[in-house]
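Trainee: Pasting final27.cif here (mmCIF, C-alpha atoms and all ligand atoms):
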```
data_work
loop_
_atom_site.label_atom_id
_atom_site.label_comp_id
_atom_site.auth_asym_id
_atom_site.auth_seq_id
_atom_site.Cartn_x
_atom_site.Cartn_y
_atom_site.Cartn_z
CA MET A 1 -24.02 -22.16 10.89
CA ARG A 2 -22.93 -18.82 9.51
CA ARG A 3 -19.19 -18.77 9.04
CA ASP A 4 -17.41 -15.59 10.02
CA GLY A 5 -14.89 -15.59 7.22
CA THR A 6 -11.52 -13.91 7.04
CA LEU A 7 -10.88 -10.32 7.99
CA ILE A 8 -7.96 -9.09 5.87
CA LEU A 9 -6.28 -6.01 7.32
CA CYS A 10 -4.29 -3.51 5.30
CA TYR A 11 -1.38 -1.64 6.88
CA HIS A 12 1.40 0.34 5.18
CA ARG A 13 4.03 1.57 7.60
CA VAL A 14 4.85 0.79 11.22
CA ALA A 15 6.73 3.80 12.55
CA GLU A 16 6.73 6.28 15.40
CA GLY A 17 6.39 10.04 15.29
CA VAL A 18 7.06 10.66 11.61
CA GLU A 19 5.52 13.05 9.10
CA ASP A 20 2.46 11.15 7.90
CA PRO A 21 0.29 13.31 5.64
CA PHE A 22 -1.40 10.32 4.03
CA TYR A 23 -2.23 8.50 7.32
CA LEU A 24 -0.13 5.47 6.38
CA CYS A 25 1.68 4.94 9.71
CA VAL A 26 0.74 2.90 12.73
CA SER A 27 3.02 3.26 15.75
CA PRO A 28 4.91 0.12 16.88
CA GLY A 29 3.06 0.22 20.23
CA ASN A 30 -0.33 0.34 18.53
CA PHE A 31 0.68 -2.34 16.01
CA ALA A 32 1.63 -4.68 18.88
CA ALA A 33 -1.70 -3.95 20.60
CA HIS A 34 -3.59 -4.63 17.34
CA LEU A 35 -1.89 -8.01 16.93
CA GLU A 36 -2.76 -8.96 20.50
CA GLU A 37 -6.38 -7.88 20.10
CA MET A 38 -6.91 -9.62 16.77
CA SER A 39 -5.35 -12.85 18.08
CA ARG A 40 -7.86 -12.91 20.94
CA ALA A 41 -10.85 -12.50 18.64
CA ARG A 42 -9.70 -14.45 15.58
CA GLU A 43 -7.21 -17.02 14.38
CA PRO A 44 -4.17 -15.39 12.70
CA SER A 45 -3.89 -16.88 9.23
CA THR A 46 -2.48 -16.29 5.75
CA LEU A 47 -3.91 -15.61 2.30
CA ALA A 48 -3.11 -19.20 1.29
CA ASP A 49 -6.00 -20.32 3.57
CA VAL A 50 -8.59 -17.76 2.53
CA ALA A 51 -10.47 -20.18 0.26
CA VAL A 52 -10.47 -22.97 2.84
CA PRO A 53 -13.67 -22.97 4.91
CA SER A 54 -13.11 -22.57 8.63
CA ARG A 55 -15.34 -22.68 11.67
CA ARG A 56 -13.16 -20.17 13.48
CA PRO A 57 -13.08 -16.58 12.23
CA ARG A 58 -9.67 -15.73 10.83
CA VAL A 59 -7.58 -12.61 10.42
CA VAL A 60 -4.82 -11.90 7.90
CA VAL A 61 -2.33 -9.02 8.28
CA THR A 62 -1.00 -7.40 5.12
CA LEU A 63 1.32 -4.41 4.62
CA ASP A 64 1.46 -2.57 1.28
CA ASP A 65 4.19 -0.88 -0.74
CA GLY A 66 7.50 -2.17 0.69
CA TYR A 67 8.67 0.31 3.31
CA ARG A 68 11.85 -0.58 5.16
CA ASP A 69 10.08 -0.29 8.52
CA ASN A 70 8.15 -3.45 7.62
CA LEU A 71 11.44 -5.28 8.21
CA THR A 72 12.84 -3.20 11.06
CA ASN A 73 9.63 -2.49 13.04
CA ALA A 74 6.73 -4.69 11.92
CA LEU A 75 8.52 -8.03 11.53
CA PRO A 76 10.02 -8.27 15.05
CA ILE A 77 6.62 -7.43 16.58
CA ALA A 78 4.80 -9.94 14.34
CA GLU A 79 7.37 -12.62 15.19
CA SER A 80 7.04 -12.01 18.92
CA LYS A 81 3.23 -12.13 18.76
CA GLY A 82 3.18 -15.16 16.44
CA VAL A 83 1.10 -13.40 13.78
CA PRO A 84 2.06 -14.01 10.13
CA ILE A 85 2.33 -10.96 7.85
CA THR A 86 2.19 -10.60 4.06
CA VAL A 87 4.18 -7.69 2.62
CA PHE A 88 3.13 -6.48 -0.85
CA VAL A 89 6.25 -5.02 -2.40
CA THR A 90 6.39 -2.57 -5.32
CA SER A 91 9.32 -4.20 -7.13
CA GLY A 92 10.63 -0.97 -8.69
CA ILE A 93 11.80 0.20 -5.26
CA LEU A 94 14.48 -2.49 -5.31
CA GLY A 95 16.57 -0.75 -7.94
CA ASN A 96 18.04 2.70 -7.96
CA HIS A 97 15.25 4.42 -6.13
CA HIS A 98 14.56 7.86 -4.66
CA GLY A 99 11.47 7.08 -2.65
CA LEU A 100 7.82 6.49 -3.49
CA TRP A 101 6.36 9.39 -5.43
CA TRP A 102 3.80 10.45 -2.84
CA ASP A 103 6.58 10.70 -0.25
CA ARG A 104 8.65 12.77 -2.71
CA LEU A 105 5.62 15.02 -3.22
CA GLY A 106 5.19 15.41 0.55
CA THR A 107 8.86 16.37 0.90
CA LEU A 108 8.60 18.90 -1.93
CA LEU A 109 5.48 20.60 -0.58
CA ARG A 110 6.93 20.80 2.93
CA SER A 111 10.01 22.60 1.56
CA ARG A 112 8.07 24.94 -0.72
CA PRO A 113 9.81 28.35 -0.73
CA PRO A 114 7.50 30.96 0.91
CA HIS A 115 7.26 33.13 -2.22
CA VAL A 116 5.96 30.18 -4.29
CA LYS A 117 2.16 30.27 -4.36
CA GLU A 118 1.44 27.72 -7.07
CA ILE A 119 2.79 24.52 -8.50
CA GLU A 120 3.32 24.03 -12.20
CA LEU A 121 3.03 20.46 -13.37
CA PRO A 122 4.14 19.52 -16.85
CA VAL A 123 1.36 17.04 -17.53
CA GLY A 124 0.63 15.43 -20.89
CA GLY A 125 2.52 18.05 -22.91
CA ARG A 126 1.02 21.09 -21.22
CA ASN A 127 1.53 22.87 -17.93
CA VAL A 128 -1.15 22.67 -15.28
CA ARG A 129 -1.01 25.33 -12.55
CA LEU A 130 -2.49 24.66 -9.13
CA PRO A 131 -2.67 27.23 -6.31
CA LEU A 132 -0.82 26.31 -3.09
CA GLY A 133 -0.77 27.44 0.51
CA SER A 134 -4.29 28.73 1.01
CA SER A 135 -5.75 25.82 3.04
CA GLY A 136 -2.74 24.01 4.46
CA ILE A 137 -0.40 21.28 3.35
CA ARG A 138 -2.90 18.42 3.44
CA ALA A 139 -5.21 20.26 1.04
CA ASP A 140 -2.22 21.01 -1.22
CA LEU A 141 -1.16 17.37 -1.14
CA ASP A 142 -4.68 16.20 -1.99
CA SER A 143 -5.08 18.54 -4.91
CA VAL A 144 -1.66 17.82 -6.46
CA ARG A 145 -1.98 14.08 -5.84
CA ARG A 146 -5.35 14.02 -7.59
CA HIS A 147 -3.79 15.49 -10.72
CA LEU A 148 -0.81 13.14 -10.68
CA LEU A 149 -2.67 9.90 -9.92
CA PRO A 150 -3.92 9.15 -13.47
CA LEU A 151 -0.46 9.60 -15.02
CA ARG A 152 2.19 7.01 -15.77
CA VAL A 153 4.65 6.79 -12.89
CA ARG A 154 7.48 7.90 -15.18
CA GLU A 155 5.52 11.07 -15.97
CA ILE A 156 4.85 11.66 -12.28
CA GLU A 157 8.55 11.30 -11.48
CA GLN A 158 9.43 13.71 -14.29
CA ALA A 159 6.90 16.25 -13.04
CA LEU A 160 8.36 16.04 -9.52
CA ASP A 161 11.91 16.37 -10.88
CA ALA A 162 10.85 19.52 -12.75
CA VAL A 163 9.28 21.09 -9.65
CA SER A 164 12.31 20.18 -7.55
CA GLN A 165 14.57 21.95 -10.04
CA GLN A 166 12.29 24.94 -10.40
CA TRP A 167 12.04 25.48 -6.63
CA GLN A 168 15.69 24.52 -6.00
CA VAL A 169 14.68 22.12 -3.21
CA SER A 170 15.27 18.42 -2.67
CA SER A 171 12.49 15.90 -3.17
CA VAL A 172 14.27 13.03 -1.43
CA PRO A 173 11.98 11.69 1.33
CA PRO A 174 13.30 11.47 4.91
CA ASP A 175 15.18 8.31 5.96
CA ASP A 176 12.20 7.03 7.91
CA ALA A 177 10.25 6.71 4.63
CA ALA A 178 12.99 4.53 3.12
CA THR A 179 11.95 1.47 1.13
CA LEU A 180 13.34 -2.05 1.25
CA THR A 181 16.68 -2.71 -0.42
CA PRO A 182 17.19 -6.06 -2.21
CA GLN A 183 19.10 -7.26 0.84
CA ASP A 184 16.28 -6.11 3.18
CA LEU A 185 13.79 -7.97 1.02
CA ARG A 186 15.74 -11.21 1.21
CA GLN A 187 16.03 -10.81 4.98
CA LEU A 188 12.27 -10.27 5.26
CA ALA A 189 11.57 -13.25 2.99
CA ALA A 190 13.85 -15.45 5.10
CA SER A 191 11.54 -15.10 8.13
CA ASP A 192 8.91 -17.84 8.60
CA THR A 193 6.56 -15.09 9.75
CA ALA A 194 6.65 -13.07 6.50
CA THR A 195 5.28 -13.83 3.04
CA ILE A 196 6.28 -11.59 0.13
CA GLY A 197 3.48 -10.54 -2.21
CA ALA A 198 3.56 -8.46 -5.40
CA HIS A 199 2.25 -4.90 -5.91
CA THR A 200 3.26 -4.16 -9.56
CA VAL A 201 6.61 -2.78 -10.70
CA ASP A 202 5.78 0.90 -10.34
CA HIS A 203 2.56 1.30 -8.30
CA VAL A 204 0.68 2.78 -11.22
CA ARG A 205 -3.06 3.26 -10.92
CA LEU A 206 -4.09 0.42 -13.25
CA ARG A 207 -7.61 1.42 -14.21
CA ASP A 208 -8.14 2.33 -17.89
CA ARG A 209 -4.52 1.56 -18.80
CA PRO A 210 -4.05 -0.59 -21.94
CA ALA A 211 -4.01 -4.34 -21.24
CA PRO A 212 -0.35 -4.90 -22.30
CA GLU A 213 0.80 -2.11 -19.97
CA GLN A 214 -1.14 -3.65 -17.08
CA GLN A 215 0.22 -7.11 -17.87
CA ASP A 216 3.80 -5.79 -17.93
CA THR A 217 3.68 -4.11 -14.55
CA ILE A 218 1.68 -6.94 -12.91
CA SER A 219 3.69 -9.92 -14.17
CA GLY A 220 6.95 -7.92 -14.21
CA GLY A 221 6.59 -7.14 -10.51
CA LYS A 222 6.07 -10.84 -9.78
CA ALA A 223 9.10 -11.90 -11.84
CA GLU A 224 11.40 -9.31 -10.27
CA LEU A 225 10.46 -10.31 -6.73
CA GLU A 226 10.77 -14.02 -7.51
CA GLN A 227 14.21 -13.47 -8.93
CA SER A 228 15.26 -11.47 -5.90
CA ILE A 229 14.03 -13.90 -3.22
CA GLY A 230 14.38 -17.15 -5.17
CA ARG A 231 10.89 -18.44 -4.54
CA ALA A 232 7.38 -18.21 -5.97
CA VAL A 233 5.27 -15.12 -5.28
CA SER A 234 1.60 -16.15 -5.27
CA HIS A 235 -0.31 -13.16 -3.87
CA PHE A 236 -0.98 -9.73 -5.31
CA ALA A 237 -2.47 -6.43 -4.17
CA TYR A 238 -3.83 -3.81 -6.62
CA PRO A 239 -2.08 -0.44 -6.14
CA PHE A 240 -4.47 1.91 -4.26
CA GLY A 241 -6.96 -0.98 -4.48
CA GLY A 242 -10.30 0.86 -4.65
CA HIS A 243 -13.16 0.43 -7.16
CA ASP A 244 -11.72 3.28 -9.24
CA ASP A 245 -8.15 2.00 -9.19
CA PHE A 246 -8.34 -1.22 -11.22
CA ASP A 247 -10.60 -2.78 -13.84
CA ASP A 248 -11.45 -6.15 -15.43
CA ARG A 249 -8.23 -6.04 -17.46
CA SER A 250 -6.26 -5.86 -14.21
CA VAL A 251 -8.08 -8.91 -12.88
CA ASP A 252 -7.42 -10.81 -16.13
CA ALA A 253 -3.73 -9.88 -15.98
CA VAL A 254 -3.49 -11.10 -12.39
CA ARG A 255 -5.15 -14.38 -13.33
CA SER A 256 -2.89 -14.96 -16.33
CA ALA A 257 0.19 -14.16 -14.23
CA GLU A 258 -0.92 -17.17 -12.12
CA PHE A 259 -1.35 -15.46 -8.81
CA ASP A 260 -3.49 -17.39 -6.31
CA THR A 261 -5.13 -14.32 -4.77
CA ALA A 262 -5.42 -10.56 -5.25
CA CYS A 263 -6.38 -8.05 -2.57
CA THR A 264 -8.35 -4.85 -3.07
CA THR A 265 -9.02 -2.12 -0.53
CA ILE A 266 -12.76 -2.51 -1.03
CA PRO A 267 -14.17 -2.95 2.49
CA GLY A 268 -15.64 -6.28 3.56
CA THR A 269 -14.91 -9.74 4.92
CA ALA A 270 -13.61 -12.58 2.71
CA ARG A 271 -15.53 -15.86 2.68
CA SER A 272 -14.71 -19.13 0.96
CA SER A 273 -17.11 -18.09 -1.83
CA THR A 274 -15.44 -14.67 -2.38
CA ASP A 275 -13.69 -14.15 -5.74
CA PRO A 276 -10.01 -14.79 -4.84
CA TYR A 277 -8.98 -12.02 -7.27
CA ARG A 278 -11.16 -9.42 -5.56
CA LEU A 279 -10.53 -9.99 -1.88
CA PRO A 280 -11.85 -7.20 0.36
CA ARG A 281 -9.64 -5.58 2.99
CA ARG A 282 -10.02 -3.21 5.90
CA LEU A 283 -7.65 -0.24 6.12
CA VAL A 284 -6.20 0.16 9.59
CA MET A 285 -5.25 3.54 11.05
CA ASP A 286 -3.05 4.48 14.01
CA TRP A 287 -5.70 3.49 16.54
CA GLY A 288 -5.07 2.68 20.20
CA ARG A 289 -6.06 -0.71 21.62
CA LEU A 290 -9.65 0.15 22.56
CA ARG A 291 -10.44 1.89 19.29
CA PHE A 292 -9.04 -1.08 17.38
CA ARG A 293 -11.16 -3.48 19.48
CA ALA A 294 -14.26 -1.42 18.71
CA GLN A 295 -13.40 -1.42 15.00
CA MET A 296 -13.08 -5.22 15.01
CA GLN A 297 -16.61 -5.40 16.44
CA ARG A 298 -17.93 -2.96 13.87
CA TRP A 299 -16.30 -4.85 10.97
CA LYS A 300 -17.89 -8.07 12.21
CA LEU A 301 -21.31 -6.51 11.85
CA GLY A 302 -20.59 -4.81 8.50
ZN ZN B 401 0.22 0.52 -2.37
#
```
What does this structure look like when you write it as structure tokens?
Mentor:
Amino acid sequence: MRRDGTLILCYHRVAEGVEDPFYLCVSPGNFAAHLEEMSRAREPSTLADVAVPSRRPRVVVTLDDGYRDNLTNALPIAESKGVPITVFVTSGILGNHHGLWWDRLGTLLRSRPPHVKEIELPVGGRNVRLPLGSSGIRADLDSVRRHLLPLRVREIEQALDAVSQQWQVSSVPPDDAATLTPQDLRQLAASDTATIGAHTVDHVRLRDRPAPEQQDTISGGKAELEQSIGRAVSHFAYPFGGHDDFDDRSVDAVRSAEFDTACTTIPGTARSSTDPYRLPRRLVMDWGRLRFRAQMQRWKLG
């Protein structure tokens, strides 16, 4: 008999009516509908069971990055529907934090003064100039993000600070894009419905970074979360998670940090034979109930 395996879903934020240039939000109403639909078709499960063969097809819900709405919006819905969630938290957000860099970038570009027609990014010791405003904010976001993505997060933050100063505008993201505080994290971890997973210290794109740097951010993120919640953190998700976003060194670092599993965003269904350090996931968008149901069918075939 062909086993159906485990469908691992990847969410980020559960929030209503907010600025969402990167398509990271699912509304609370749609999230509730998704949990109902997936529970009808599959058995809600956790990453701890992924390697255990099952006759019934399973589904695992994960949320990446560590937004505060995971506690305030997603958790109560998950608890009421009886669906466990795993939240992959970027540990650096727990300290003195001004928002995730892509949200800061979104805030900056939305408040761009009208006379400013280009952005100047101090990147790797030289200034890169990119034109802005000709094809809309999403195009601007894409082009700037592409240039920032390969940099160290510290360099990205510095570049955004410089632009914020130059334009005399704030880069602090709106309250609805707030991330978990240490107290929020402990509250989330205290729920039987939630499992805390790691997502590096700083959400750097790991690929092609030197091994020691990858090891630091991967094992450092684990240690910081464990210290904060007082229990072991056994699951990891690669930042961004695509083929181009991590490499064999990342996988080695995850293995030596003694994680049990690591999730990618490479599409597919996990089976008991799947490499536990390269688990596929399906990205979920803000779909209504029927669209989500159709997607579940499509994923089953793919
Ligand atoms: Zn992420």
Trainee: Point out the residue among A:Thr107, A:Tyr277, A:Leu75, A:Ala32 with the least atom-to-atom distance to Asp192 (chain A), counting all atoms listed in the file.
Mentor: A:Leu75
Trainee: What does the distance from CA of Asn30 (chain A) to CA of Glu79 (chain A) come to in Å, to one decimal?
Mentor: 15.4 Å
Trainee: List as CSV every residue of chain A that is in contact with ligand ZN 401 (chain B), defined as an atom at most 8 Å from one of its atoms (using all atoms listed in the file), together with the nearest atom pair and the distance in Å rounded to one decimal, sorted by chain and then rising number.
Mentor:
```
residue,atom,partner,partner_atom,distance
A:His12,CA,B:ZN401,ZN,7.6
A:Asp64,CA,B:ZN401,ZN,4.9
A:Asp65,CA,B:ZN401,ZN,4.5
A:Phe88,CA,B:ZN401,ZN,7.7
A:Thr90,CA,B:ZN401,ZN,7.5
A:His199,CA,B:ZN401,ZN,6.8
A:His203,CA,B:ZN401,ZN,6.4
A:Ala237,CA,B:ZN401,ZN,7.7
A:Tyr238,CA,B:ZN401,ZN,7.3
A:Pro239,CA,B:ZN401,ZN,4.5
A:Phe240,CA,B:ZN401,ZN,5.2
A:Gly241,CA,B:ZN401,ZN,7.6
```
Trainee: Which residue is closest to Asp4 (chain A)? Choose from A:Val204, A:Met285, A:Val50, A:Leu100 and count all atoms listed in the file.
Mentor: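 Ranked by minimum distance to Asp4 (chain A), first place goes to A:Val50.
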Trainee: I want to know what sits within 12 Å of Gln227 (chain A), based on only C-alpha atoms, with residues of the same chain fewer than 5 positions away left out; could you give that as a PDB file with C-alpha atoms, in the coordinates of the input?
Mentor:
```pdb
ATOM      1  CA  SER A  91       9.320  -4.200  -7.130  1.00  0.00           C
ATOM      2  CA  LEU A  94      14.480  -2.490  -5.310  1.00  0.00           C
ATOM      3  CA  PRO A 182      17.190  -6.060  -2.210  1.00  0.00           C
ATOM      4  CA  LEU A 185      13.790  -7.970   1.020  1.00  0.00           C
ATOM      5  CA  ARG A 186      15.740 -11.210   1.210  1.00  0.00           C
ATOM      6  CA  GLY A 220       6.950  -7.920 -14.210  1.00  0.00           C
ATOM      7  CA  GLY A 221       6.590  -7.140 -10.510  1.00  0.00           C
ATOM      8  CA  LYS A 222       6.070 -10.840  -9.780  1.00  0.00           C
ATOM      9  CA  ALA A 232       7.380 -18.210  -5.970  1.00  0.00           C
ATOM     10  CA  VAL A 233       5.270 -15.120  -5.280  1.00  0.00           C
TER      11      VAL A 233
END
```
Trainee: Give me the residues near region 6-9 of chain A as a ChimeraX atom specification, where near means some atom within 8 Å (using only C-alpha atoms) and where sequence neighbours in that chain fewer than 3 positions away do not count.
Mentor: /A:50,57-62,268-271,280-284
Trainee: Point out the residue among A:Arg104, A:Ala139, A:Gln187, A:Ser134 with the least atom-to-atom distance to Pro76 (chain A), counting only C-alpha atoms.
Mentor: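 The closest residue to Pro76 (chain A) is A:Gln187.
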Trainee: Contacts of region 35-37 of chain A at 8 Å or less, counting all atoms listed in the file, minus same-chain residues fewer than 4 places along, as number ranges by chain?
Mentor: A: 31, 41, 78, 81, 83, 289, 292-293
Trainee: With distances taken over only C-alpha atoms, which residue among A:Ala211, A:Pro122, A:Arg154, A:Leu108 lies nearest Val172 (chain A)?
Mentor: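 Result for the nearest residue to Val172 (chain A): A:Leu108.
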Trainee: Suppose you want the space between CA of Pro114 (chain A) and CA of Glu155 (chain A); what is it in Å?
Mentor: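 The value is 26.2 Å.
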Trainee: Skip Asp20 (chain A) itself and residues of its chain fewer than 2 positions away, then list as a list in words all residues within 12 Å of it, counting all atoms listed in the file.
Mentor: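 Answer for this query is His12, Arg13, Val14, Ala15, Glu16, Gly17, Val18, Phe22, Tyr23, Leu24, Cys25, Val26, Ser27, Trp102, Asp103, Gly106, Thr107, Arg110, Ile137, Arg138, Leu141, Pro173, Pro174, Asp176, Ala177, Met285 and Asp286 of chain A.
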Trainee: Compile the contact shell of Leu188 (chain A) as a PDB file with C-alpha atoms, in the coordinates of the input: residues with an atom at most 12 Å away, counting only C-alpha atoms, same-chain residues fewer than 2 positions apart removed.
Mentor:
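What ended up in part-v2.pdb:
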```
ATOM      1  CA  GLY A  66       7.500  -2.170   0.690  1.00  0.00           C
ATOM      2  CA  TYR A  67       8.670   0.310   3.310  1.00  0.00           C
ATOM      3  CA  ARG A  68      11.850  -0.580   5.160  1.00  0.00           C
ATOM      4  CA  ASP A  69      10.080  -0.290   8.520  1.00  0.00           C
ATOM      5  CA  ASN A  70       8.150  -3.450   7.620  1.00  0.00           C
ATOM      6  CA  LEU A  71      11.440  -5.280   8.210  1.00  0.00           C
ATOM      7  CA  THR A  72      12.840  -3.200  11.060  1.00  0.00           C
ATOM      8  CA  ASN A  73       9.630  -2.490  13.040  1.00  0.00           C
ATOM      9  CA  ALA A  74       6.730  -4.690  11.920  1.00  0.00           C
ATOM     10  CA  LEU A  75       8.520  -8.030  11.530  1.00  0.00           C
ATOM     11  CA  PRO A  76      10.020  -8.270  15.050  1.00  0.00           C
ATOM     12  CA  ALA A  78       4.800  -9.940  14.340  1.00  0.00           C
ATOM     13  CA  GLU A  79       7.370 -12.620  15.190  1.00  0.00           C
ATOM     14  CA  PRO A  84       2.060 -14.010  10.130  1.00  0.00           C
ATOM     15  CA  ILE A  85       2.330 -10.960   7.850  1.00  0.00           C
ATOM     16  CA  THR A  86       2.190 -10.600   4.060  1.00  0.00           C
ATOM     17  CA  VAL A  87       4.180  -7.690   2.620  1.00  0.00           C
ATOM     18  CA  PHE A  88       3.130  -6.480  -0.850  1.00  0.00           C
ATOM     19  CA  VAL A  89       6.250  -5.020  -2.400  1.00  0.00           C
ATOM     20  CA  LEU A 180      13.340  -2.050   1.250  1.00  0.00           C
ATOM     21  CA  THR A 181      16.680  -2.710  -0.420  1.00  0.00           C
ATOM     22  CA  PRO A 182      17.190  -6.060  -2.210  1.00  0.00           C
ATOM     23  CA  GLN A 183      19.100  -7.260   0.840  1.00  0.00           C
ATOM     24  CA  ASP A 184      16.280  -6.110   3.180  1.00  0.00           C
ATOM     25  CA  LEU A 185      13.790  -7.970   1.020  1.00  0.00           C
ATOM     26  CA  ARG A 186      15.740 -11.210   1.210  1.00  0.00           C
ATOM     27  CA  ALA A 190      13.850 -15.450   5.100  1.00  0.00           C
ATOM     28  CA  SER A 191      11.540 -15.100   8.130  1.00  0.00           C
ATOM     29  CA  ASP A 192       8.910 -17.840   8.600  1.00  0.00           C
ATOM     30  CA  THR A 193       6.560 -15.090   9.750  1.00  0.00           C
ATOM     31  CA  ALA A 194       6.650 -13.070   6.500  1.00  0.00           C
ATOM     32  CA  THR A 195       5.280 -13.830   3.040  1.00  0.00           C
ATOM     33  CA  ILE A 196       6.280 -11.590   0.130  1.00  0.00           C
ATOM     34  CA  GLY A 197       3.480 -10.540  -2.210  1.00  0.00           C
ATOM     35  CA  SER A 228      15.260 -11.470  -5.900  1.00  0.00           C
ATOM     36  CA  ILE A 229      14.030 -13.900  -3.220  1.00  0.00           C
TER      37      ILE A 229
END
```
Trainee: Pick out the closest residue to Glu258 (chain A) from this set: A:Ile218, A:Ile93, A:Leu63, A:Leu279. Count all atoms listed in the file.
Mentor: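 Ranked by minimum distance to Glu258 (chain A), first place goes to A:Ile218.
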Trainee: Interatomic distance between CA of Pro150 (chain A) and CA of Thr264 (chain A)?
Mentor: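 Going from CA of Pro150 (chain A) over to CA of Thr264 (chain A) covers 18.0 Å.
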Trainee: Which of these, A:Ala178, A:Ile119, A:Arg40, A:Asp202, has the shortest distance to Ala162 (chain A) once you count all atoms listed in the file?
Mentor: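 Distance minimum relative to Ala162 (chain A) lands on A:Ile119.
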Trainee: Just add N, CA, C and O atoms to region 225-238 of chain A and send it as a tab-separated table (two decimals), in the frame of the given file.
Mentor:
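Generated output (part07.tsv):
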```
chain	number	residue	atom	x	y	z
A	225	LEU	N	10.39	-9.87	-8.13
A	225	LEU	CA	10.46	-10.31	-6.73
A	225	LEU	C	10.92	-11.76	-6.64
A	225	LEU	O	11.74	-12.12	-5.79
A	226	GLU	N	10.40	-12.59	-7.54
A	226	GLU	CA	10.77	-14.02	-7.51
A	226	GLU	C	12.27	-14.19	-7.74
A	226	GLU	O	12.93	-15.00	-7.11
A	227	GLN	N	12.78	-13.38	-8.66
A	227	GLN	CA	14.21	-13.47	-8.93
A	227	GLN	C	15.02	-13.03	-7.72
A	227	GLN	O	16.04	-13.63	-7.38
A	228	SER	N	14.53	-12.01	-7.04
A	228	SER	CA	15.26	-11.47	-5.90
A	228	SER	C	15.26	-12.42	-4.70
A	228	SER	O	16.28	-12.58	-4.03
A	229	ILE	N	14.11	-13.06	-4.43
A	229	ILE	CA	14.03	-13.90	-3.22
A	229	ILE	C	14.18	-15.39	-3.53
A	229	ILE	O	14.29	-16.20	-2.61
A	230	GLY	N	14.17	-15.75	-4.81
A	230	GLY	CA	14.38	-17.15	-5.17
A	230	GLY	C	13.25	-18.08	-4.79
A	230	GLY	O	13.48	-19.27	-4.53
A	231	ARG	N	12.04	-17.56	-4.75
A	231	ARG	CA	10.89	-18.44	-4.54
A	231	ARG	C	9.64	-17.83	-5.16
A	231	ARG	O	9.64	-16.65	-5.54
A	232	ALA	N	8.59	-18.65	-5.29
A	232	ALA	CA	7.38	-18.21	-5.97
A	232	ALA	C	6.66	-17.11	-5.18
A	232	ALA	O	6.63	-17.15	-3.94
A	233	VAL	N	6.10	-16.16	-5.89
A	233	VAL	CA	5.27	-15.12	-5.28
A	233	VAL	C	3.85	-15.34	-5.78
A	233	VAL	O	3.58	-15.25	-6.98
A	234	SER	N	2.93	-15.66	-4.87
A	234	SER	CA	1.60	-16.15	-5.27
A	234	SER	C	0.46	-15.18	-4.96
A	234	SER	O	-0.69	-15.47	-5.28
A	235	HIS	N	0.77	-14.08	-4.29
A	235	HIS	CA	-0.31	-13.16	-3.87
A	235	HIS	C	-0.01	-11.75	-4.37
A	235	HIS	O	1.14	-11.33	-4.45
A	236	PHE	N	-1.10	-11.05	-4.68
A	236	PHE	CA	-0.98	-9.73	-5.31
A	236	PHE	C	-1.92	-8.76	-4.61
A	236	PHE	O	-2.96	-9.14	-4.09
A	237	ALA	N	-1.55	-7.48	-4.62
A	237	ALA	CA	-2.47	-6.43	-4.17
A	237	ALA	C	-2.49	-5.32	-5.23
A	237	ALA	O	-1.42	-4.88	-5.68
A	238	TYR	N	-3.69	-4.90	-5.64
A	238	TYR	CA	-3.83	-3.81	-6.62
A	238	TYR	C	-3.35	-2.50	-5.99
A	238	TYR	O	-3.79	-2.16	-4.88
```
